[in-house]
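Written out below as structure tokens is the structure these notes cover.
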Amino acid sequence: LTAALFGSAAAFAPAAQNSASSSLQMSVDPLDPSIGVTAPLGLYDPLGWLDPSKDPANKFATFHANFERRRAVERKHGRIAMAAVVGMLFHNADIEFPGYLSKELGIRFADIPNGMNGLFSVPIAGISQIVFAIGVVELAIWPASDYSGDYGTGYGRPFVPNVLEGDELKYKLDMEINQGRAAMMGIMGALVGEAVTGQTLAEQYASGNLIGYGPP
């Protein structure tokens, strides 16, 4: 779980800005392979898939299409993981919506337990609504077929889009990819820690069991 805590913290730390960013044009392609290539790891490709001859998917599509899809999947999973880390921290701090999740069944938001068990406490109707909403977003609002990840919402305050360009855009794209990677490690570490210890993050912290081998 220590990895989860460090990963969660790192998910919100600023990524290092690429020193070569000064040569960028005003427009930056979100699918540029240099996005996310920052110190200290630099270009991280341990399996060598950036070499088309080593790409296991090169028989099914062009290398460029393969990279585009993998980058889009990485970005989307990173965004989901960042939201998951924030949700996990809020829920473990017992910060929930007021009122009822299901008034008919008498289930309040506060009645949903922290951690993985919370998923099994949500009524089937609630799970169905979540799946339906995800489907609408994936197919209609922010289609998964748009590999750029740019859905025209800009960056800034809610409902006040701020379109970035040049060095600042490159810095933000690097930050998003790297924070998403850290968040994926953080939320996975939290899930594994809970599965190993049987305790939620808050319970592990309260009992001093932050590495899975402390007091029960």
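We label chains A, B, ... in the order they appear in the structure tokens, count residues from 1 in each chain, and number ligands from 1 in the order shown.
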List as CSV every residue of region 139-203 of chain A that is in contact with region 86-110 of chain A, defined as an atom at most 10 Å from one of its atoms (using only C-alpha atoms), together with the nearest atom pair and the distance in Å rounded to one decimal, sorted by chain and then rising number.
```
residue,atom,partner,partner_atom,distance
A:Ala183,CA,A:Val86,CA,9.4
A:Ile187,CA,A:Met88,CA,8.3
A:Ala190,CA,A:Met88,CA,9.0
A:Thr200,CA,A:Asn92,CA,7.6
A:Leu201,CA,A:Asn92,CA,6.7
A:Ala202,CA,A:Asn92,CA,5.5
A:Glu203,CA,A:Asn92,CA,8.6
```
Grab the residues selected above and save them as a tab-separated table (two decimals), in the first residue's frame with all heavy atoms.
```
chain	number	residue	atom	x	y	z
A	183	ALA	N	-1.28	7.86	-11.27
A	183	ALA	CA	-2.58	7.56	-10.67
A	183	ALA	C	-2.99	6.12	-10.93
A	183	ALA	O	-3.60	5.48	-10.07
A	183	ALA	CB	-3.64	8.52	-11.22
A	187	ILE	N	-3.97	3.83	-7.76
A	187	ILE	CA	-5.26	3.19	-7.50
A	187	ILE	C	-5.13	1.68	-7.52
A	187	ILE	O	-5.78	0.98	-6.74
A	187	ILE	CB	-6.33	3.68	-8.51
A	187	ILE	CG1	-7.73	3.32	-8.02
A	187	ILE	CG2	-6.07	3.14	-9.90
A	187	ILE	CD1	-8.14	4.01	-6.73
A	190	ALA	N	-3.71	0.69	-4.21
A	190	ALA	CA	-4.73	0.76	-3.16
A	190	ALA	C	-5.65	-0.46	-3.20
A	190	ALA	O	-6.01	-1.01	-2.16
A	190	ALA	CB	-5.56	2.04	-3.31
A	200	THR	N	-9.71	-0.98	4.34
A	200	THR	CA	-9.71	0.16	3.43
A	200	THR	C	-8.49	1.02	3.72
A	200	THR	O	-7.77	0.82	4.71
A	200	THR	CB	-10.98	0.99	3.60
A	200	THR	OG1	-10.97	1.59	4.92
A	200	THR	CG2	-12.23	0.15	3.41
A	201	LEU	N	-8.25	2.01	2.86
A	201	LEU	CA	-7.11	2.90	3.04
A	201	LEU	C	-7.17	3.60	4.39
A	201	LEU	O	-6.17	3.68	5.11
A	201	LEU	CB	-7.07	3.92	1.90
A	201	LEU	CG	-5.95	4.96	1.98
A	201	LEU	CD1	-4.59	4.29	1.84
A	201	LEU	CD2	-6.12	6.00	0.86
A	202	ALA	N	-8.35	4.10	4.77
A	202	ALA	CA	-8.49	4.80	6.04
A	202	ALA	C	-8.23	3.86	7.22
A	202	ALA	O	-7.61	4.24	8.21
A	202	ALA	CB	-9.88	5.41	6.16
A	203	GLU	N	-8.71	2.61	7.12
A	203	GLU	CA	-8.50	1.64	8.19
A	203	GLU	C	-7.03	1.26	8.32
A	203	GLU	O	-6.51	1.09	9.43
A	203	GLU	CB	-9.35	0.40	7.93
A	203	GLU	CG	-10.85	0.64	8.08
A	203	GLU	CD	-11.68	-0.52	7.56
A	203	GLU	OE1	-11.14	-1.35	6.80
A	203	GLU	OE2	-12.87	-0.58	7.90
```
Practice problem: Identify, with DSSP run on backbone atoms, the residues in region 20-175 of chain A assigned to helix (DSSP H, G or I), and express the list as a PyMOL selection string. | Solution: chain A and resi 20-23+52-54+63-92+109-111+116-121+124-141+166-175
Quiz prompt | Distance query Ala72 (chain A) at most 10 Å, only C-alpha atoms, self and fewer than 5 positions along chain excluded, as a ChimeraX atom specification | solution = /A:30-31,66-67,77-78,144-149
